[in-house]
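K.L.:
start35.pdb is reproduced in full below (PDB, C-alpha atoms).
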```pdb
ATOM      1  CA  MET A 148      54.725  11.427  38.296
ATOM      2  CA  LYS A 149      51.857  11.232  40.762
ATOM      3  CA  ASN A 150      53.559   9.130  43.417
ATOM      4  CA  LEU A 151      54.363  11.358  46.409
ATOM      5  CA  LYS A 152      57.667   9.562  47.040
ATOM      6  CA  ASP A 153      58.756  10.230  43.451
ATOM      7  CA  ILE A 154      57.827  13.901  43.772
ATOM      8  CA  ILE A 155      59.782  14.264  47.008
ATOM      9  CA  LYS A 156      62.743  12.468  45.424
ATOM     10  CA  LYS A 157      62.741  14.850  42.455
ATOM     11  CA  ILE A 158      62.551  17.894  44.739
ATOM     12  CA  LYS A 159      65.528  16.584  46.714
ATOM     13  CA  GLU A 160      67.487  16.041  43.483
ATOM     14  CA  ILE A 161      66.694  19.577  42.316
ATOM     15  CA  HIS A 162      67.768  20.941  45.716
ATOM     16  CA  LYS A 163      71.072  19.077  45.451
ATOM     17  CA  ILE A 164      71.736  20.280  41.908
ATOM     18  CA  SER A 165      70.569  23.883  42.282
ATOM     19  CA  ASN A 166      71.424  24.485  45.945
ATOM     20  CA  LYS A 167      68.088  26.295  46.266
ATOM     21  CA  SER A 168      65.930  25.926  49.368
ATOM     22  CA  TYR A 169      63.103  23.386  49.385
ATOM     23  CA  ALA A 170      60.571  26.169  49.940
ATOM     24  CA  SER A 171      61.735  28.170  46.919
ATOM     25  CA  ILE A 172      61.780  25.055  44.725
ATOM     26  CA  ILE A 173      58.226  24.050  45.682
ATOM     27  CA  LYS A 174      57.022  27.628  45.193
ATOM     28  CA  ASP A 175      58.652  27.793  41.751
ATOM     29  CA  ILE A 176      57.260  24.400  40.718
ATOM     30  CA  LEU A 177      53.747  25.581  41.560
ATOM     31  CA  TYR A 178      54.343  28.872  39.746
ATOM     32  CA  CYS A 179      55.525  27.072  36.604
ATOM     33  CA  LYS A 180      52.532  24.746  36.749
ATOM     34  CA  ARG A 181      50.206  27.767  36.624
ATOM     35  CA  LYS A 182      52.241  29.915  34.233
ATOM     36  CA  TYR A 183      53.677  27.339  31.817
ATOM     37  CA  LYS A 184      51.392  24.342  32.461
ATOM     38  CA  SER A 185      54.439  22.241  33.355
ATOM     39  CA  SER A 186      54.533  19.038  35.381
ATOM     40  CA  ILE A 187      57.245  18.314  37.944
ATOM     41  CA  ARG A 188      58.834  16.003  35.365
ATOM     42  CA  ASP A 189      58.969  18.946  32.941
ATOM     43  CA  TYR A 190      60.433  21.164  35.650
ATOM     44  CA  TYR A 191      63.176  18.629  36.367
ATOM     45  CA  SER A 192      63.929  17.347  32.848
ATOM     46  CA  PHE A 193      63.886  20.776  31.196
ATOM     47  CA  GLN A 194      65.856  22.236  34.131
ATOM     48  CA  PHE A 195      63.349  25.011  34.743
ATOM     49  CA  TYR A 196      65.098  25.716  38.055
ATOM     50  CA  LYS A 197      67.836  27.510  36.092
ATOM     51  CA  ARG A 198      65.886  28.729  33.058
ATOM     52  CA  THR A 199      64.989  32.343  32.370
ATOM     53  CA  LYS A 200      61.372  33.377  31.793
ATOM     54  CA  PHE A 201      62.065  33.628  28.075
ATOM     55  CA  GLU A 202      63.552  30.124  27.949
ATOM     56  CA  ARG A 203      60.708  28.591  29.972
ATOM     57  CA  ASN A 204      58.213  30.130  27.583
ATOM     58  CA  THR A 205      59.712  28.182  24.637
ATOM     59  CA  TYR A 206      58.967  24.690  25.988
ATOM     60  CA  ILE A 207      56.099  22.403  25.063
ATOM     61  CA  THR A 208      55.060  21.316  28.545
ATOM     62  CA  GLU A 209      52.603  18.608  29.572
ATOM     63  CA  GLY A 210      49.703  21.066  29.703
ATOM     64  CA  ILE A 211      50.567  22.747  26.401
ATOM     65  CA  ASN A 212      50.988  19.361  24.732
ATOM     66  CA  LYS A 213      47.471  18.409  25.861
ATOM     67  CA  GLU A 214      46.133  21.669  24.465
ATOM     68  CA  TYR A 215      47.615  20.933  21.030
ATOM     69  CA  ILE A 216      46.226  17.400  21.125
ATOM     70  CA  ARG A 217      42.740  18.661  22.004
ATOM     71  CA  LYS A 218      42.866  21.332  19.308
ATOM     72  CA  TYR A 219      44.258  19.298  16.423
ATOM     73  CA  ASN A 220      43.509  15.611  17.091
ATOM     74  CA  ASN A 221      40.106  13.971  16.865
ATOM     75  CA  TYR A 222      39.996  11.523  19.799
ATOM     76  CA  LYS A 223      37.553   9.049  18.245
ATOM     77  CA  TYR A 224      39.483   8.851  14.986
ATOM     78  CA  LYS A 225      42.832   8.026  16.582
ATOM     79  CA  MET A 226      41.429   4.923  18.286
ATOM     80  CA  ASN A 227      41.507   3.066  14.944
ATOM     81  CA  LEU A 228      45.289   3.244  14.967
ATOM     82  CA  LYS A 229      45.436   0.675  17.774
ATOM     83  CA  ASN A 230      44.009  -1.971  15.460
ATOM     84  CA  ARG A 231      47.018  -3.393  13.623
ATOM     85  CA  ILE A 232      44.963  -4.702  10.721
ATOM     86  CA  GLU A 233      43.393  -1.288  10.126
ATOM     87  CA  PHE A 234      46.774   0.337  10.681
ATOM     88  CA  ASN A 235      48.510  -1.831   8.071
ATOM     89  CA  LYS A 236      45.746  -1.295   5.531
ATOM     90  CA  LEU A 237      45.621   2.457   6.086
ATOM     91  CA  PHE A 238      49.382   2.923   5.792
ATOM     92  CA  SER A 239      50.083   0.164   3.273
ATOM     93  CA  LYS A 240      52.272   2.442   1.129
ATOM     94  CA  ALA A 241      54.422   3.492   4.090
ATOM     95  CA  LEU A 242      54.880   0.043   5.652
ATOM     96  CA  ASN A 243      57.400  -1.270   3.134
ATOM     97  CA  ARG A 244      57.141  -4.731   4.651
ATOM     98  CA  GLU A 245      55.124  -7.876   4.060
ATOM     99  CA  TRP A 246      52.286  -8.910   6.340
ATOM    100  CA  LEU A 247      49.379 -11.319   6.649
ATOM    101  CA  GLU A 248      46.000 -11.083   8.288
ATOM    102  CA  LEU A 249      45.988 -14.603   9.690
ATOM    103  CA  ARG A 250      42.210 -15.090   9.724
ATOM    104  CA  LYS A 251      42.184 -14.578   5.971
ATOM    105  CA  THR A 252      45.275 -16.676   5.330
ATOM    106  CA  ASP A 253      45.347 -20.406   4.567
ATOM    107  CA  PHE A 254      48.108 -22.634   5.855
ATOM    108  CA  ASN A 255      49.981 -22.876   2.541
ATOM    109  CA  THR A 256      50.236 -19.096   2.278
ATOM    110  CA  PHE A 257      51.427 -18.904   5.882
ATOM    111  CA  LYS A 258      53.997 -21.603   5.185
ATOM    112  CA  LYS A 259      55.362 -19.757   2.140
ATOM    113  CA  PHE A 260      55.597 -16.571   4.191
ATOM    114  CA  CYS A 261      57.620 -18.376   6.895
ATOM    115  CA  TYR A 262      59.917 -19.968   4.320
ATOM    116  CA  LYS A 263      60.620 -16.514   2.911
ATOM    117  CA  HIS A 264      60.906 -14.805   6.312
ATOM    118  CA  ARG A 265      62.301 -17.229   8.869
ATOM    119  CA  THR A 266      61.812 -14.743  11.691
ATOM    120  CA  ILE A 267      58.307 -13.326  12.011
ATOM    121  CA  ILE A 268      56.567 -10.862  14.292
ATOM    122  CA  VAL A 269      53.187 -11.926  15.657
ATOM    123  CA  ARG A 270      50.902  -9.059  16.730
ATOM    124  CA  GLN A 271      47.767  -9.776  18.729
ATOM    125  CA  SER A 272      45.905  -6.824  20.270
ATOM    126  CA  ASN A 273      48.593  -4.725  22.003
ATOM    127  CA  LYS A 274      50.953  -7.664  22.386
ATOM    128  CA  GLN A 275      53.688  -8.843  20.087
ATOM    129  CA  LYS A 276      56.284 -11.573  20.027
ATOM    130  CA  ILE A 277      59.062 -12.645  17.715
ATOM    131  CA  ILE A 278      59.139 -16.244  16.480
ATOM    132  CA  ASP A 279      62.032 -17.946  14.739
ATOM    133  CA  THR A 280      60.222 -20.479  12.550
ATOM    134  CA  SER A 281      63.372 -22.314  11.439
ATOM    135  CA  ASN A 282      63.157 -26.070  12.039
ATOM    136  CA  GLN A 283      59.747 -25.732  13.704
ATOM    137  CA  ASP A 284      56.421 -27.375  13.008
ATOM    138  CA  LEU A 285      54.696 -24.642  11.012
ATOM    139  CA  ARG A 286      51.345 -26.406  11.122
ATOM    140  CA  LYS A 287      51.499 -26.405  14.917
ATOM    141  CA  ILE A 288      52.388 -22.698  14.999
ATOM    142  CA  TYR A 289      49.609 -21.860  12.539
ATOM    143  CA  ASP A 290      46.934 -23.808  14.415
ATOM    144  CA  LYS A 291      47.967 -22.250  17.710
ATOM    145  CA  LEU A 292      47.811 -18.710  16.319
ATOM    146  CA  MET A 293      44.423 -19.387  14.736
ATOM    147  CA  GLU A 294      42.981 -19.795  18.220
ATOM    148  CA  TYR A 295      43.193 -16.024  18.654
ATOM    149  CA  SER A 296      40.608 -13.667  17.201
ATOM    150  CA  SER A 297      42.850 -11.109  15.506
ATOM    151  CA  VAL A 298      46.438 -11.854  14.553
ATOM    152  CA  VAL A 299      48.784 -10.027  12.185
ATOM    153  CA  ILE A 300      51.986 -11.637  10.942
ATOM    154  CA  GLU A 301      54.814  -9.383   9.755
ATOM    155  CA  ASN A 302      58.349 -10.022   8.614
ATOM    156  CA  GLN A 303      61.050  -8.827  10.974
ATOM    157  CA  LEU A 304      62.885  -5.762   9.720
ATOM    158  CA  LYS A 305      66.637  -5.290   9.599
ATOM    159  CA  ILE A 306      67.757  -1.735  10.164
ATOM    160  CA  CYS A 307      70.547  -0.123   8.166
ATOM    161  CA  LYS A 308      74.147  -0.731   9.197
ATOM    162  CA  THR A 309      74.719   2.900  10.224
ATOM    163  CA  LEU A 310      72.107   2.639  12.980
ATOM    164  CA  GLU A 311      72.510  -1.049  13.721
ATOM    165  CA  ARG A 312      76.145  -0.673  14.739
ATOM    166  CA  LEU A 313      75.187   1.713  17.556
ATOM    167  CA  GLN A 314      73.481  -1.182  19.380
ATOM    168  CA  PRO A 315      73.113  -4.362  17.266
ATOM    169  CA  ASN A 316      70.814  -6.079  19.789
ATOM    170  CA  SER A 317      67.977  -3.547  19.622
ATOM    171  CA  MET A 318      65.715  -2.032  16.972
ATOM    172  CA  ASN A 319      66.986   1.552  16.960
ATOM    173  CA  VAL A 320      64.149   3.695  15.630
ATOM    174  CA  ILE A 321      63.497   7.201  14.366
ATOM    175  CA  LYS A 322      60.674   9.192  15.928
ATOM    176  CA  ILE A 323      59.312  12.112  13.909
ATOM    177  CA  VAL A 324      56.581  14.536  14.948
ATOM    178  CA  THR A 325      54.555  16.047  12.122
ATOM    179  CA  PHE A 326      52.439  19.092  12.870
ATOM    180  CA  LEU A 327      49.840  20.132  10.301
ATOM    181  CA  GLY A 328      51.635  17.935   7.778
ATOM    182  CA  LYS A 329      55.129  19.336   8.390
ATOM    183  CA  THR A 330      58.092  17.708  10.135
ATOM    184  CA  SER A 331      58.582  19.654  13.367
ATOM    185  CA  MET A 332      60.758  17.515  15.662
ATOM    186  CA  ALA A 333      62.745  14.290  15.421
ATOM    187  CA  VAL A 334      64.936  12.010  17.540
ATOM    188  CA  LEU A 335      66.805   8.742  17.231
ATOM    189  CA  GLU A 336      65.972   6.299  20.030
ATOM    190  CA  ILE A 337      68.778   3.822  20.691
ATOM    191  CA  GLY A 338      68.624   0.684  22.781
ATOM    192  CA  ASN A 339      71.038   0.263  25.659
ATOM    193  CA  LYS A 340      71.164  -2.798  27.944
ATOM    194  CA  ASN A 341      67.539  -3.811  27.318
ATOM    195  CA  LYS A 342      66.707  -5.154  23.868
ATOM    196  CA  GLN A 343      63.295  -3.486  24.040
ATOM    197  CA  ILE A 344      63.486   0.248  23.508
ATOM    198  CA  ASN A 345      61.979   2.173  26.407
ATOM    199  CA  PHE A 346      63.284   5.606  27.317
ATOM    200  CA  PHE A 347      62.009   5.327  30.890
ATOM    201  CA  LYS A 348      64.156   2.231  31.445
ATOM    202  CA  ASP A 349      67.501   2.716  29.778
ATOM    203  CA  SER A 350      67.364   3.619  26.091
ATOM    204  CA  LEU A 351      69.037   6.768  24.774
ATOM    205  CA  ILE A 352      67.599   9.716  22.858
ATOM    206  CA  ALA A 353      69.547  11.804  20.358
ATOM    207  CA  GLU A 354      67.923  14.775  18.664
ATOM    208  CA  ILE A 355      68.013  14.885  14.857
ATOM    209  CA  ASN A 356      68.449  18.196  13.092
ATOM    210  CA  ILE A 357      65.308  18.206  10.941
ATOM    211  CA  ASN A 358      67.001  20.250   8.197
ATOM    212  CA  THR A 359      70.199  18.222   7.837
ATOM    213  CA  GLY A 360      69.349  14.815   9.322
ATOM    214  CA  LYS A 361      72.465  15.091  11.475
ATOM    215  CA  ILE A 362      72.847  14.459  15.218
ATOM    216  CA  ASP A 363      74.474  17.641  16.492
ATOM    217  CA  TYR A 364      74.355  16.986  20.249
ATOM    218  CA  PRO A 365      75.136  14.125  22.649
ATOM    219  CA  ALA A 366      72.515  11.462  23.342
ATOM    220  CA  ILE A 367      70.783  11.535  26.725
ATOM    221  CA  ASP A 368      69.058   9.035  29.008
ATOM    222  CA  PHE A 369      66.143   9.382  31.437
ATOM    223  CA  LYS A 370      68.502  10.323  34.272
ATOM    224  CA  LEU A 371      69.909  13.114  32.055
ATOM    225  CA  ASN A 372      73.301  11.450  31.638
ATOM    226  CA  THR A 373      74.830  12.370  28.283
ATOM    227  CA  TYR A 374      76.717  10.226  25.773
ATOM    228  CA  ILE A 375      78.831  11.233  22.801
ATOM    229  CA  LYS A 376      79.466   7.522  22.262
ATOM    230  CA  HIS A 377      77.242   4.553  23.075
ATOM    231  CA  PRO A 378      78.031   3.291  26.602
ATOM    232  CA  LEU A 379      78.097  -0.377  25.533
ATOM    233  CA  THR A 380      79.384  -0.429  21.952
ATOM    234  CA  HIS A 381      81.430   2.790  22.187
ATOM    235  CA  LYS A 382      80.246   3.754  18.720
ATOM    236  CA  GLN A 383      80.055   7.467  17.965
ATOM    237  CA  ILE A 384      76.551   8.944  18.245
ATOM    238  CA  LYS A 385      77.129  12.672  18.042
ATOM    239  CA  GLY A 386      77.894  13.716  14.486
ATOM    240  CA  ILE A 387      76.336  10.824  12.572
ATOM    241  CA  LYS A 388      73.938  11.567   9.731
ATOM    242  CA  ILE A 389      70.700   9.586   9.476
ATOM    243  CA  PRO A 390      70.595   7.668   6.166
ATOM    244  CA  LYS A 391      67.671   8.414   3.861
ATOM    245  CA  TRP A 392      66.654  11.348   5.993
ATOM    246  CA  GLU A 393      64.689  13.212   3.328
ATOM    247  CA  ALA A 394      62.870   9.977   2.432
ATOM    248  CA  ALA A 395      62.019   9.484   6.111
ATOM    249  CA  LYS A 396      60.505  12.967   6.385
ATOM    250  CA  THR A 397      58.580  12.529   3.146
ATOM    251  CA  LEU A 398      57.221   9.165   4.316
ATOM    252  CA  CYS A 399      55.794  10.701   7.512
ATOM    253  CA  GLU A 400      54.460  13.841   5.879
ATOM    254  CA  THR A 401      52.794  11.812   3.119
ATOM    255  CA  ALA A 402      51.346   9.329   5.615
ATOM    256  CA  SER A 403      49.871  12.221   7.608
ATOM    257  CA  LEU A 404      47.607  12.943   4.614
ATOM    258  CA  GLU A 405      45.902   9.597   5.267
ATOM    259  CA  ILE A 406      44.668  10.842   8.644
ATOM    260  CA  PRO A 407      43.577  14.462   8.120
ATOM    261  CA  PHE A 408      41.695  14.452  11.424
ATOM    262  CA  LEU A 409      45.000  14.139  13.276
ATOM    263  CA  GLY A 410      47.191  17.185  12.883
ATOM    264  CA  TYR A 411      49.733  16.529  15.651
ATOM    265  CA  ILE A 412      51.281  13.075  15.309
ATOM    266  CA  GLU A 413      54.368  11.124  16.352
ATOM    267  CA  TRP A 414      55.623   8.519  13.887
ATOM    268  CA  SER A 415      58.034   5.643  14.572
ATOM    269  CA  ILE A 416      59.994   4.409  11.582
ATOM    270  CA  CYS A 417      62.887   2.095  10.784
ATOM    271  CA  ILE A 418      65.603   3.076   8.354
ATOM    272  CA  LEU A 419      66.466   0.011   6.277
ATOM    273  CA  GLU A 420      69.367  -0.278   3.838
ATOM    274  CA  ASP A 421      67.250   0.593   0.812
ATOM    275  CA  LYS A 422      64.083   2.227   2.201
ATOM    276  CA  CYS A 423      62.169   3.434   5.243
ATOM    277  CA  SER A 424      59.406   1.512   7.010
ATOM    278  CA  LEU A 425      56.604   2.862   9.189
ATOM    279  CA  ILE A 426      56.198   0.793  12.361
ATOM    280  CA  GLY A 427      53.956   2.879  14.599
ATOM    281  CA  VAL A 428      51.889   6.017  15.135
ATOM    282  CA  ASN A 429      51.187   7.879  18.364
ATOM    283  CA  ALA A 430      48.414  10.484  18.493
ATOM    284  CA  ILE A 431      49.795  11.675  21.845
ATOM    285  CA  PRO A 432      53.309  12.884  20.904
ATOM    286  CA  SER A 433      56.016  12.368  23.504
ATOM    287  CA  TYR A 434      56.889  16.062  23.694
ATOM    288  CA  TYR A 435      59.600  15.663  26.369
ATOM    289  CA  LEU A 436      61.847  13.454  24.191
ATOM    290  CA  TYR A 437      62.496  16.317  21.797
ATOM    291  CA  GLN A 438      63.363  19.005  24.320
ATOM    292  CA  LEU A 439      65.823  17.519  26.792
ATOM    293  CA  SER A 440      68.350  20.025  28.009
ATOM    294  CA  THR A 441      71.467  18.907  26.124
ATOM    295  CA  HIS A 442      69.703  19.085  22.764
ATOM    296  CA  SER A 443      70.215  22.810  22.338
ATOM    297  CA  ASP A 444      73.066  25.255  22.869
ATOM    298  CA  LYS A 445      70.501  27.974  23.470
ATOM    299  CA  LYS A 446      68.619  25.863  26.034
ATOM    300  CA  VAL A 447      65.232  26.505  24.490
ATOM    301  CA  GLY A 448      62.257  24.270  23.742
ATOM    302  CA  ARG A 449      60.416  23.478  20.529
ATOM    303  CA  LEU A 450      57.193  25.453  21.039
ATOM    304  CA  PRO A 451      58.312  28.235  18.648
ATOM    305  CA  ILE A 452      58.519  25.637  15.852
ATOM    306  CA  LEU A 453      54.863  24.686  16.300
ATOM    307  CA  LYS A 454      53.815  28.330  16.528
ATOM    308  CA  GLU A 455      55.706  29.169  13.336
ATOM    309  CA  ILE A 456      54.005  26.330  11.433
ATOM    310  CA  GLU A 457      50.642  27.545  12.751
ATOM    311  CA  ARG A 458      51.437  31.083  11.625
ATOM    312  CA  LYS A 459      52.347  30.001   8.092
ATOM    313  CA  ILE A 460      49.212  27.870   7.759
ATOM    314  CA  GLU A 461      47.034  30.771   8.886
ATOM    315  CA  GLU A 462      48.579  33.240   6.413
TER     316      GLU A 462
END
```
Turn the structure described in the file into structure tokens.
P.N.:
Amino acid sequence: MKNLKDIIKKIKEIHKISNKSYASIIKDILYCKRKYKSSIRDYYSFQFYKRTKFERNTYITEGINKEYIRKYNNYKYKMNLKNRIEFNKLFSKALNREWLELRKTDFNTFKKFCYKHRTIIVRQSNKQKIIDTSNQDLRKIYDKLMEYSSVVIENQLKICKTLERLQPNSMNVIKIVTFLGKTSMAVLEIGNKNKQINFFKDSLIAEININTGKIDYPAIDFKLNTYIKHPLTHKQIKGIKIPKWEAAKTLCETASLEIPFLGYIEWSICILEDKCSLIGVNAIPSYYLYQLSTHSDKKVGRLPILKEIERKIEE
């Protein structure tokens, strides 16, 4: 949040909520930046303006997150994860989906793939698009895609009914952070009005209890509005249990062994009816998603979890 207008807007919002003076808010923001390495987004989203010193000290802030990334993640190694071909080969056991490297695929194989999976996902560099190949000229599609240097074709996944019913028009995904090979934090990200999931637009986040796989608290959006039920489908969010939760944790923890140079990782997975499927990896975990204020009755962050895992590893 580097735009001055955005910063001023956030300070005004904090003033309205807390009834504190602008001077005291600015002073406290600067203090927290030095003491807790927090950004103004952290200060606002984690409600530092009403947190005690003890509570503030439990949050993974922007600065602390960067410290963990520098300490445990090899920057050069993580760059390979952006290459979808390398990604799919590296995590072949965790994908649980079919895919083709188009440059090494003849037309007949492509055609059979499209007959089997009428809807396909085309990935090229950092872009992707979904194509319904039904009643289309497959030769024309194939020739067009072959014009690009690196293309991966994947079958479209169908998430389990438990998660699909929350918002049938979006791919509701599980995000799990593993730290030193152990599951440390997890959330369910649910689409809202936009089909594409993006928390900074309008999707919802609901924390998952990593021990039980249950959602114990209301979902929350970027504006910190809370939802026990989905605002569009009115389906219950709080209280649901994530299907195949233990399998999901095992998938991420096992996959982390494939990249030992990355100790602090965020995984995106889909829960299907009969299995789990890895769809993405982020070597810069989105720390804020897991610590939003409504996620905890005690109003504390998740830093103690990371410290406890560190302590056990060092013993």
K.L.:
Find, counting all atoms listed in the file, the residue in A:Ile216, A:Ile300, A:Cys261, A:Ile173 that gets nearest to A:Leu247.
P.N.:
A:Ile300
K.L.:
May I ask which of the residues A:Lys385, A:Arg181, A:Arg250, A:His377 is the closest one to A:Glu294, counting all atoms listed in the file?
P.N.:
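Using all atoms listed in the file, the shortest distance to A:Glu294 belongs to A:Arg250.
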K.L.:
Between atom CA of A:Ser171 and atom CA of A:Asn372, what is the distance in Å, rounded to a tenth?
P.N.:
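Separation between atom CA of A:Ser171 and atom CA of A:Asn372: 25.4 Å.
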K.L.:
Each residue of stretch 420-454 of chain A with at least one atom at most 8 Å from stretch 188-200 of chain A should appear once, together with its nearest atom pair and the corresponding distance in Å (one decimal); atoms considered: all atoms listed in the file; ordering: chain, then increasing residue number; output as a Markdown table.
P.N.:
```
| residue | atom | partner | partner_atom | distance |
| --- | --- | --- | --- | --- |
| A:Tyr435 | CA | A:Asp189 | CA | 7.4 |
| A:Gln438 | CA | A:Phe193 | CA | 7.1 |
| A:Leu439 | CA | A:Phe193 | CA | 5.8 |
| A:Ser440 | CA | A:Phe193 | CA | 5.5 |
```
K.L.:
Kindly provide, as a list in words, the polymer residues lying within 8 Å of (49.8, 13.0, 13.5), counting all atoms listed in the file and using the coordinates exactly as they appear in the file.
P.N.:
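Output of the proximity query reads Asn220, Val324, Thr325, Phe326, Leu327, Gly328, Ser403, Ile406, Leu409, Gly410, Tyr411, Ile412, Glu413, Trp414, Val428, Asn429 and Ala430 of chain A.
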K.L.:
Would you mind reading off the distance between atom CA of A:Ile232 and atom CA of A:Asn302, one decimal, in Å?
P.N.:
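Going from atom CA of A:Ile232 over to atom CA of A:Asn302 covers 14.6 Å.
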K.L.:
Using the structure block above, produce a file of stretch 407-432 of chain A that contains C-alpha atoms, as an mmCIF file, in the first residue's frame.
P.N.:
```cif
data_model
loop_
_atom_site.group_PDB
_atom_site.id
_atom_site.type_symbol
_atom_site.label_atom_id
_atom_site.label_comp_id
_atom_site.auth_asym_id
_atom_site.auth_seq_id
_atom_site.Cartn_x
_atom_site.Cartn_y
_atom_site.Cartn_z
ATOM 1 C CA PRO A 407 14.076 -29.083 0.286
ATOM 2 C CA PHE A 408 15.558 -25.666 -0.480
ATOM 3 C CA LEU A 409 12.189 -24.069 0.260
ATOM 4 C CA GLY A 410 11.170 -24.412 3.876
ATOM 5 C CA TYR A 411 8.325 -21.873 4.003
ATOM 6 C CA ILE A 412 5.759 -22.543 1.280
ATOM 7 C CA GLU A 413 2.123 -21.841 0.435
ATOM 8 C CA TRP A 414 0.295 -24.550 -1.504
ATOM 9 C CA SER A 415 -2.980 -24.219 -3.431
ATOM 10 C CA ILE A 416 -4.973 -27.410 -3.823
ATOM 11 C CA CYS A 417 -8.388 -28.552 -5.004
ATOM 12 C CA ILE A 418 -10.408 -31.093 -3.079
ATOM 13 C CA LEU A 419 -12.052 -33.419 -5.598
ATOM 14 C CA GLU A 420 -14.665 -36.063 -4.806
ATOM 15 C CA ASP A 421 -12.128 -38.875 -4.577
ATOM 16 C CA LYS A 422 -8.730 -37.170 -4.151
ATOM 17 C CA CYS A 423 -6.794 -33.932 -3.772
ATOM 18 C CA SER A 424 -4.984 -32.109 -6.573
ATOM 19 C CA LEU A 425 -2.092 -29.660 -6.322
ATOM 20 C CA ILE A 426 -2.666 -26.609 -8.528
ATOM 21 C CA GLY A 427 -0.063 -24.092 -7.399
ATOM 22 C CA VAL A 428 2.871 -23.214 -5.155
ATOM 23 C CA ASN A 429 3.868 -19.831 -3.761
ATOM 24 C CA ALA A 430 7.324 -19.345 -2.240
ATOM 25 C CA ILE A 431 6.131 -16.025 -0.785
ATOM 26 C CA PRO A 432 3.308 -17.123 1.565
#
```
